[in-house]
Amino acid sequence: MSTAKKAALLGWPVEHSLSPRLHGYWLKQYGINGSYQALAVKPDDLAETLRKLAKEGYVGVNLTVPHKEHALSIVDRMDENAKRIGAVNTIIMNAGLMNTDGDLEGRNTDAFGFAQNLLEGGYKMEAERPIAVLGAGGAARAVIAALQDMGAREIHLINRTLEKAEALAQEFSVMEQAHFIAPNEKMAEAVRHMHRVHAYGWGDFGALENAGLLVNATSLGMKGQPPLDVPLDLLPKDAFVTDIVYAPLETDLLKRAKQRGNRTIDGLGMLLHQARPAFEAFFGKDPEVTHDLRAHILDGR
Ligand code: NAP
């Protein structure tokens, strides 16, 4: 019987994903006897496929669109990040545990990937300055979780659908209180204050004023999507600008930001770093993100 460890990416569609190339690079680099393949799985088949793969001895899978939220209701347990972000992008399969076909443990590594990419790009949290985040979808949830973990006190969340930004702002402003058992209401209010998320509608770009960091967490500016038309006039010149869109690598937002003197961080590093905890859980090695890896992934696009 083969002792090769098997892992996969499940999505629908999944052909254009860079994850097999990424995990394949690390498997080869570290001489690990393992495989990582992309499997096209229809949304209705997710639960059945996960149980089947666990039974077949897979060590785990990653999930991409459209499975990340659906998986919340399928996994047997999940970590804190998956719970608060409301999405699962990694499932560890502990076959044989609890007398099941395979205990499915959901995790979310997107916040880790986002934070590592920022740090690698030279960003240092300035808690006293607001941070502007564009978008209130799944990726924005991971971005906000990461920023709050890094110490962000005030996030300005700007989204086309204001109600979505408001719901998220309320959830994440309260969430921080839940993490901290305050001894009295006065202190609880102070903590709520320390981690405020304010909601703004699209066009309310006055929210960029004084920001120390601007994050695009919408899909705008991505190849095949409409452009991201955000005026940068009010953004301080010393602010960092990062885009989680990585196709193209230098988005129009990053180009414009660079031209006016802002420091920029592209979105590819988030993809590379979010894969690290998954690779380690699957194959037992915390892999490195290097220039060669970046070049290898960019060649594969
Ligand atoms: P999502 O849940 O569908 O959210 C999309 C966001 O974009 C929403 O805030 C949406 O606003 C906004 N948006 C879409 N079209 C718009 C328009 N015409 N005008 C204004 N706003 C618009 O998607 P997601 O999962 O958050 O992903 C967002 C992007 O991040 C995708 O491009 C994805 O590829 C990328 N991503 C990158 C990484 C990485 O590792 N670098 C990781 C995850 C995601 P409404 O709420 O108003 O619809």
# chains A, B, ... in the order shown; residues from 1 in each chain; ligands from 1
$ residues_near_ligand --ligand "ligand 1" --cutoff "7 Å" --atoms "only C-alpha atoms and all ligand atoms" --output "short mmCIF file (atom, residue, chain, number, x, y, z; two decimals) with N, CA and C atoms, in the first residue's frame"
data_model
loop_
_atom_site.label_atom_id
_atom_site.label_comp_id
_atom_site.auth_asym_id
_atom_site.auth_seq_id
_atom_site.Cartn_x
_atom_site.Cartn_y
_atom_site.Cartn_z
N ASP A 110 -6.97 32.26 5.81
CA ASP A 110 -6.89 33.48 5.00
C ASP A 110 -6.39 34.69 5.80
N GLY A 135 -14.80 46.79 0.57
CA GLY A 135 -15.41 45.48 0.37
C GLY A 135 -15.91 44.89 1.68
N ALA A 136 -16.99 44.12 1.57
CA ALA A 136 -17.56 43.50 2.77
C ALA A 136 -17.98 42.06 2.46
N GLY A 137 -17.24 41.41 1.56
CA GLY A 137 -17.53 40.02 1.22
C GLY A 137 -16.73 39.08 2.11
N GLY A 138 -16.57 37.84 1.64
CA GLY A 138 -15.87 36.82 2.42
C GLY A 138 -14.42 37.22 2.71
N ALA A 139 -13.73 37.75 1.69
CA ALA A 139 -12.33 38.10 1.88
C ALA A 139 -12.18 39.24 2.89
N ALA A 140 -13.12 40.20 2.85
CA ALA A 140 -13.05 41.33 3.77
C ALA A 140 -13.17 40.85 5.23
N ASN A 159 -18.30 49.89 1.41
CA ASN A 159 -18.84 48.84 0.53
C ASN A 159 -20.01 49.36 -0.29
N ARG A 160 -20.15 48.80 -1.51
CA ARG A 160 -21.25 49.20 -2.39
C ARG A 160 -22.60 48.99 -1.68
N THR A 161 -22.78 47.81 -1.10
CA THR A 161 -24.03 47.55 -0.39
C THR A 161 -23.82 47.93 1.08
N LYS A 164 -24.53 45.55 4.03
CA LYS A 164 -23.56 44.48 4.29
C LYS A 164 -22.40 45.00 5.14
N TRP A 202 -20.37 53.14 -0.78
CA TRP A 202 -19.43 53.36 -1.88
C TRP A 202 -19.51 54.83 -2.27
N ALA A 217 -10.40 44.83 -0.74
CA ALA A 217 -10.87 43.46 -0.54
C ALA A 217 -12.13 43.21 -1.39
N THR A 218 -12.31 44.04 -2.44
CA THR A 218 -13.38 43.75 -3.40
C THR A 218 -12.76 42.96 -4.55
N SER A 219 -13.61 42.53 -5.48
CA SER A 219 -13.09 41.83 -6.66
C SER A 219 -12.82 42.82 -7.79
N LEU A 220 -13.04 44.12 -7.54
CA LEU A 220 -12.83 45.13 -8.58
C LEU A 220 -11.35 45.28 -8.91
N MET A 222 -9.80 43.19 -10.81
CA MET A 222 -9.31 41.87 -11.21
C MET A 222 -9.55 41.70 -12.71
N PRO A 226 -14.91 44.84 -13.46
CA PRO A 226 -14.84 46.29 -13.67
C PRO A 226 -13.66 46.90 -12.92
N ILE A 244 -5.89 42.69 -2.45
CA ILE A 244 -5.85 41.23 -2.35
C ILE A 244 -6.10 40.58 -3.71
N VAL A 245 -6.48 41.40 -4.69
CA VAL A 245 -6.53 40.90 -6.08
C VAL A 245 -5.09 40.74 -6.56
N TYR A 246 -4.76 39.60 -7.18
CA TYR A 246 -3.37 39.40 -7.63
C TYR A 246 -3.28 39.08 -9.13
N GLY A 267 -1.12 41.27 -3.86
CA GLY A 267 -1.95 40.25 -3.21
C GLY A 267 -1.45 38.82 -3.33
N LEU A 268 -0.37 38.60 -4.11
CA LEU A 268 0.07 37.22 -4.32
C LEU A 268 0.55 36.59 -3.01
N GLY A 269 1.23 37.40 -2.21
CA GLY A 269 1.77 36.87 -0.94
C GLY A 269 0.69 36.33 -0.02
N MET A 270 -0.51 36.92 -0.08
CA MET A 270 -1.60 36.41 0.76
C MET A 270 -1.93 34.97 0.35
N LEU A 271 -1.99 34.76 -0.97
CA LEU A 271 -2.28 33.41 -1.47
C LEU A 271 -1.19 32.42 -1.04
N GLN A 274 -1.30 31.94 2.93
CA GLN A 274 -2.46 31.22 3.49
C GLN A 274 -2.30 29.72 3.29
#
$ select_by_dssp --residues "segment 51-169 of chain A" --states "helix (DSSP H, G or I)" --output "VMD selection string"
chain A and resid 51 to 55 70 to 73 80 to 85 97 to 99 110 to 120 138 to 149 162 to 169
$ closest_residue --among "A:Gly11, A:Ala111, A:Gly221, A:His23" --to "Ala71 of chain A" --atoms "only C-alpha atoms"
A:Gly11
$ atom_distance --atom1 "atom CA of Lys68 of chain A" --atom2 "atom CA of Ala167 of chain A"
19.5 Å
$ residues_around --residues "Asn33 of chain A" --least-positions-apart "3" --cutoff "10 Å" --atoms "only C-alpha atoms" --output "mmCIF file with N, CA, C and O atoms, in the first residue's frame"
data_model
loop_
_atom_site.group_PDB
_atom_site.id
_atom_site.type_symbol
_atom_site.label_atom_id
_atom_site.label_comp_id
_atom_site.auth_asym_id
_atom_site.auth_seq_id
_atom_site.Cartn_x
_atom_site.Cartn_y
_atom_site.Cartn_z
ATOM 1 N N SER A 2 0.494 2.265 -0.812
ATOM 2 C CA SER A 2 1.290 3.487 -0.888
ATOM 3 C C SER A 2 1.181 4.283 0.416
ATOM 4 O O SER A 2 0.121 4.346 1.033
ATOM 5 N N THR A 3 2.288 4.862 0.841
ATOM 6 C CA THR A 3 2.253 5.677 2.061
ATOM 7 C C THR A 3 2.191 7.163 1.719
ATOM 8 O O THR A 3 2.318 8.009 2.593
ATOM 9 N N ALA A 4 2.034 7.459 0.436
ATOM 10 C CA ALA A 4 1.987 8.872 0.008
ATOM 11 C C ALA A 4 0.792 9.558 0.652
ATOM 12 O O ALA A 4 -0.305 9.020 0.696
ATOM 13 N N LYS A 5 1.037 10.769 1.161
ATOM 14 C CA LYS A 5 -0.064 11.542 1.750
ATOM 15 C C LYS A 5 -0.803 12.277 0.637
ATOM 16 O O LYS A 5 -0.165 12.938 -0.187
ATOM 17 N N LYS A 6 -2.119 12.182 0.672
ATOM 18 C CA LYS A 6 -2.904 12.802 -0.406
ATOM 19 C C LYS A 6 -3.714 13.986 0.127
ATOM 20 O O LYS A 6 -4.375 13.878 1.163
ATOM 21 N N LEU A 27 6.139 20.204 -2.212
ATOM 22 C CA LEU A 27 6.317 18.740 -2.076
ATOM 23 C C LEU A 27 7.657 18.337 -2.687
ATOM 24 O O LEU A 27 8.418 17.561 -2.098
ATOM 25 N N LYS A 28 7.947 18.900 -3.862
ATOM 26 C CA LYS A 28 9.190 18.571 -4.566
ATOM 27 C C LYS A 28 10.381 19.141 -3.800
ATOM 28 O O LYS A 28 11.381 18.467 -3.551
ATOM 29 N N TYR A 30 10.819 19.838 -0.693
ATOM 30 C CA TYR A 30 11.141 19.183 0.584
ATOM 31 C C TYR A 30 11.210 17.659 0.459
ATOM 32 O O TYR A 30 11.353 16.968 1.465
ATOM 33 N N PHE A 283 1.223 17.867 5.448
ATOM 34 C CA PHE A 283 2.463 17.149 5.116
ATOM 35 C C PHE A 283 3.562 17.275 6.176
ATOM 36 O O PHE A 283 4.657 16.744 5.996
#
$ residues_around --residues "Thr264 of chain A" --least-positions-apart "2" --cutoff "6 Å" --atoms "only C-alpha atoms" --output "PyMOL selection string"
chain A and resi 240-242
$ write_last_selection --atoms "C-alpha atoms" --output "JSON list (two decimals), in the first residue's frame"
[["chain", "number", "residue", "atom", "x", "y", "z"],
["A", 240, "PHE", "CA", 0.48, 51.61, 2.77],
["A", 241, "VAL", "CA", -1.81, 50.32, 0.04],
["A", 242, "THR", "CA", -2.49, 46.63, -0.51]]
$ closest_residue --among "A:Gly86, A:Pro66, A:Pro130, A:Pro20" --to "Ala145 of chain A" --atoms "only C-alpha atoms"
A:Gly86
$ residues_around --residues "Val61 of chain A" --least-positions-apart "2" --cutoff "6 Å" --atoms "only C-alpha atoms" --output "PyMOL selection string"
chain A and resi 7-9+90-91
$ select_by_dssp --residues "segment 106-163 of chain A" --states "strand (DSSP E or B)" --output "ChimeraX atom specification"
/A:106-107,131-134,154-159
$ residues_around --residues "segment 147-157 of chain A" --least-positions-apart "4" --cutoff "8 Å" --atoms "only C-alpha atoms" --output "ChimeraX atom specification"
/A:115,125-136,143,165,169,193-200,207-208
$ decode --residues "segment 195-229 of chain A" --atoms "N, CA, C and O atoms" --output "mmCIF file, in the first residue's frame"
data_model
loop_
_atom_site.group_PDB
_atom_site.id
_atom_site.type_symbol
_atom_site.label_atom_id
_atom_site.label_comp_id
_atom_site.auth_asym_id
_atom_site.auth_seq_id
_atom_site.Cartn_x
_atom_site.Cartn_y
_atom_site.Cartn_z
ATOM 1 N N HIS A 195 -11.837 48.660 19.259
ATOM 2 C CA HIS A 195 -11.842 47.865 18.028
ATOM 3 C C HIS A 195 -13.072 48.161 17.187
ATOM 4 O O HIS A 195 -13.800 47.276 16.814
ATOM 5 N N ARG A 196 -13.296 49.438 16.965
ATOM 6 C CA ARG A 196 -14.478 49.854 16.214
ATOM 7 C C ARG A 196 -14.318 49.596 14.709
ATOM 8 O O ARG A 196 -13.256 49.840 14.138
ATOM 9 N N VAL A 197 -15.409 49.152 14.102
ATOM 10 C CA VAL A 197 -15.485 49.105 12.639
ATOM 11 C C VAL A 197 -16.647 50.004 12.226
ATOM 12 O O VAL A 197 -17.762 49.821 12.695
ATOM 13 N N HIS A 198 -16.360 51.028 11.409
ATOM 14 C CA HIS A 198 -17.393 51.964 10.944
ATOM 15 C C HIS A 198 -17.763 51.629 9.503
ATOM 16 O O HIS A 198 -16.878 51.366 8.693
ATOM 17 N N ALA A 199 -19.046 51.663 9.217
ATOM 18 C CA ALA A 199 -19.502 51.328 7.859
ATOM 19 C C ALA A 199 -19.733 52.583 7.020
ATOM 20 O O ALA A 199 -20.285 53.575 7.508
ATOM 21 N N TYR A 200 -19.305 52.539 5.758
ATOM 22 C CA TYR A 200 -19.514 53.631 4.806
ATOM 23 C C TYR A 200 -20.023 53.060 3.483
ATOM 24 O O TYR A 200 -19.669 51.936 3.113
ATOM 25 N N GLY A 201 -20.818 53.869 2.783
ATOM 26 C CA GLY A 201 -21.291 53.444 1.470
ATOM 27 C C GLY A 201 -20.231 53.745 0.414
ATOM 28 O O GLY A 201 -19.287 54.501 0.659
ATOM 29 N N TRP A 202 -20.375 53.135 -0.776
ATOM 30 C CA TRP A 202 -19.432 53.364 -1.878
ATOM 31 C C TRP A 202 -19.507 54.831 -2.268
ATOM 32 O O TRP A 202 -20.597 55.370 -2.427
ATOM 33 N N GLY A 203 -18.414 55.504 -2.387
ATOM 34 C CA GLY A 203 -18.424 56.930 -2.709
ATOM 35 C C GLY A 203 -18.068 57.768 -1.489
ATOM 36 O O GLY A 203 -17.683 58.916 -1.610
ATOM 37 N N ASP A 204 -18.166 57.186 -0.332
ATOM 38 C CA ASP A 204 -17.831 57.890 0.907
ATOM 39 C C ASP A 204 -16.320 57.801 1.151
ATOM 40 O O ASP A 204 -15.867 57.292 2.180
ATOM 41 N N PHE A 205 -15.557 58.321 0.171
ATOM 42 C CA PHE A 205 -14.112 58.088 0.245
ATOM 43 C C PHE A 205 -13.383 59.067 1.167
ATOM 44 O O PHE A 205 -12.162 59.015 1.301
ATOM 45 N N GLY A 206 -14.166 59.956 1.812
ATOM 46 C CA GLY A 206 -13.593 60.784 2.869
ATOM 47 C C GLY A 206 -13.059 59.891 3.988
ATOM 48 O O GLY A 206 -12.207 60.313 4.785
ATOM 49 N N ALA A 207 -13.523 58.642 4.014
ATOM 50 C CA ALA A 207 -13.083 57.683 5.032
ATOM 51 C C ALA A 207 -11.615 57.290 4.867
ATOM 52 O O ALA A 207 -11.041 56.613 5.709
ATOM 53 N N LEU A 208 -11.000 57.738 3.759
ATOM 54 C CA LEU A 208 -9.577 57.414 3.544
ATOM 55 C C LEU A 208 -8.655 58.414 4.262
ATOM 56 O O LEU A 208 -7.448 58.183 4.384
ATOM 57 N N GLU A 209 -9.237 59.530 4.692
ATOM 58 C CA GLU A 209 -8.452 60.589 5.318
ATOM 59 C C GLU A 209 -7.743 60.045 6.564
ATOM 60 O O GLU A 209 -8.363 59.332 7.374
ATOM 61 N N ASN A 210 -6.489 60.365 6.709
ATOM 62 C CA ASN A 210 -5.652 59.952 7.859
ATOM 63 C C ASN A 210 -5.339 58.460 7.915
ATOM 64 O O ASN A 210 -4.664 58.004 8.837
ATOM 65 N N ALA A 211 -5.865 57.679 6.968
ATOM 66 C CA ALA A 211 -5.648 56.226 7.048
ATOM 67 C C ALA A 211 -4.156 55.891 6.917
ATOM 68 O O ALA A 211 -3.422 56.521 6.156
ATOM 69 N N GLY A 212 -3.729 54.892 7.669
ATOM 70 C CA GLY A 212 -2.339 54.436 7.578
ATOM 71 C C GLY A 212 -2.208 53.264 6.627
ATOM 72 O O GLY A 212 -1.106 52.845 6.273
ATOM 73 N N LEU A 213 -3.368 52.717 6.245
ATOM 74 C CA LEU A 213 -3.378 51.551 5.344
ATOM 75 C C LEU A 213 -4.704 51.543 4.600
ATOM 76 O O LEU A 213 -5.764 51.786 5.186
ATOM 77 N N LEU A 214 -4.626 51.270 3.290
ATOM 78 C CA LEU A 214 -5.828 51.081 2.471
ATOM 79 C C LEU A 214 -5.770 49.671 1.898
ATOM 80 O O LEU A 214 -4.747 49.259 1.338
ATOM 81 N N VAL A 215 -6.870 48.927 2.067
ATOM 82 C CA VAL A 215 -6.923 47.537 1.576
ATOM 83 C C VAL A 215 -8.059 47.421 0.567
ATOM 84 O O VAL A 215 -9.195 47.786 0.871
ATOM 85 N N ASN A 216 -7.755 46.909 -0.627
ATOM 86 C CA ASN A 216 -8.869 46.542 -1.515
ATOM 87 C C ASN A 216 -9.206 45.083 -1.276
ATOM 88 O O ASN A 216 -8.421 44.184 -1.592
ATOM 89 N N ALA A 217 -10.398 44.835 -0.738
ATOM 90 C CA ALA A 217 -10.875 43.459 -0.544
ATOM 91 C C ALA A 217 -12.127 43.212 -1.389
ATOM 92 O O ALA A 217 -12.908 42.315 -1.085
ATOM 93 N N THR A 218 -12.306 44.039 -2.442
ATOM 94 C CA THR A 218 -13.377 43.748 -3.397
ATOM 95 C C THR A 218 -12.760 42.960 -4.554
ATOM 96 O O THR A 218 -11.546 42.799 -4.624
ATOM 97 N N SER A 219 -13.612 42.528 -5.478
ATOM 98 C CA SER A 219 -13.095 41.835 -6.663
ATOM 99 C C SER A 219 -12.821 42.824 -7.791
ATOM 100 O O SER A 219 -12.392 42.420 -8.872
ATOM 101 N N LEU A 220 -13.039 44.117 -7.539
ATOM 102 C CA LEU A 220 -12.834 45.131 -8.581
ATOM 103 C C LEU A 220 -11.346 45.276 -8.909
ATOM 104 O O LEU A 220 -10.504 45.229 -8.021
ATOM 105 N N GLY A 221 -11.073 45.451 -10.228
ATOM 106 C CA GLY A 221 -9.681 45.606 -10.653
ATOM 107 C C GLY A 221 -9.065 44.287 -11.064
ATOM 108 O O GLY A 221 -7.968 44.245 -11.631
ATOM 109 N N MET A 222 -9.799 43.187 -10.808
ATOM 110 C CA MET A 222 -9.308 41.871 -11.208
ATOM 111 C C MET A 222 -9.555 41.703 -12.709
ATOM 112 O O MET A 222 -10.498 42.290 -13.244
ATOM 113 N N LYS A 223 -8.699 40.893 -13.351
ATOM 114 C CA LYS A 223 -8.872 40.607 -14.775
ATOM 115 C C LYS A 223 -10.314 40.177 -15.030
ATOM 116 O O LYS A 223 -10.829 39.300 -14.332
ATOM 117 N N GLY A 224 -10.980 40.805 -15.979
ATOM 118 C CA GLY A 224 -12.353 40.414 -16.306
ATOM 119 C C GLY A 224 -13.420 41.082 -15.446
ATOM 120 O O GLY A 224 -14.606 40.867 -15.655
ATOM 121 N N GLN A 225 -13.003 41.867 -14.450
ATOM 122 C CA GLN A 225 -13.952 42.567 -13.582
ATOM 123 C C GLN A 225 -13.895 44.068 -13.871
ATOM 124 O O GLN A 225 -12.909 44.548 -14.427
ATOM 125 N N PRO A 226 -14.912 44.842 -13.458
ATOM 126 C CA PRO A 226 -14.845 46.287 -13.674
ATOM 127 C C PRO A 226 -13.661 46.904 -12.915
ATOM 128 O O PRO A 226 -13.161 46.304 -11.958
ATOM 129 N N PRO A 227 -13.213 48.094 -13.377
ATOM 130 C CA PRO A 227 -12.080 48.730 -12.682
ATOM 131 C C PRO A 227 -12.466 49.224 -11.281
ATOM 132 O O PRO A 227 -13.649 49.423 -11.001
ATOM 133 N N LEU A 228 -11.471 49.381 -10.461
ATOM 134 C CA LEU A 228 -11.692 49.918 -9.111
ATOM 135 C C LEU A 228 -11.449 51.424 -9.185
ATOM 136 O O LEU A 228 -10.309 51.862 -9.315
ATOM 137 N N ASP A 229 -12.529 52.172 -9.093
ATOM 138 C CA ASP A 229 -12.432 53.610 -9.325
ATOM 139 C C ASP A 229 -12.487 54.358 -7.999
ATOM 140 O O ASP A 229 -13.507 54.938 -7.667
#
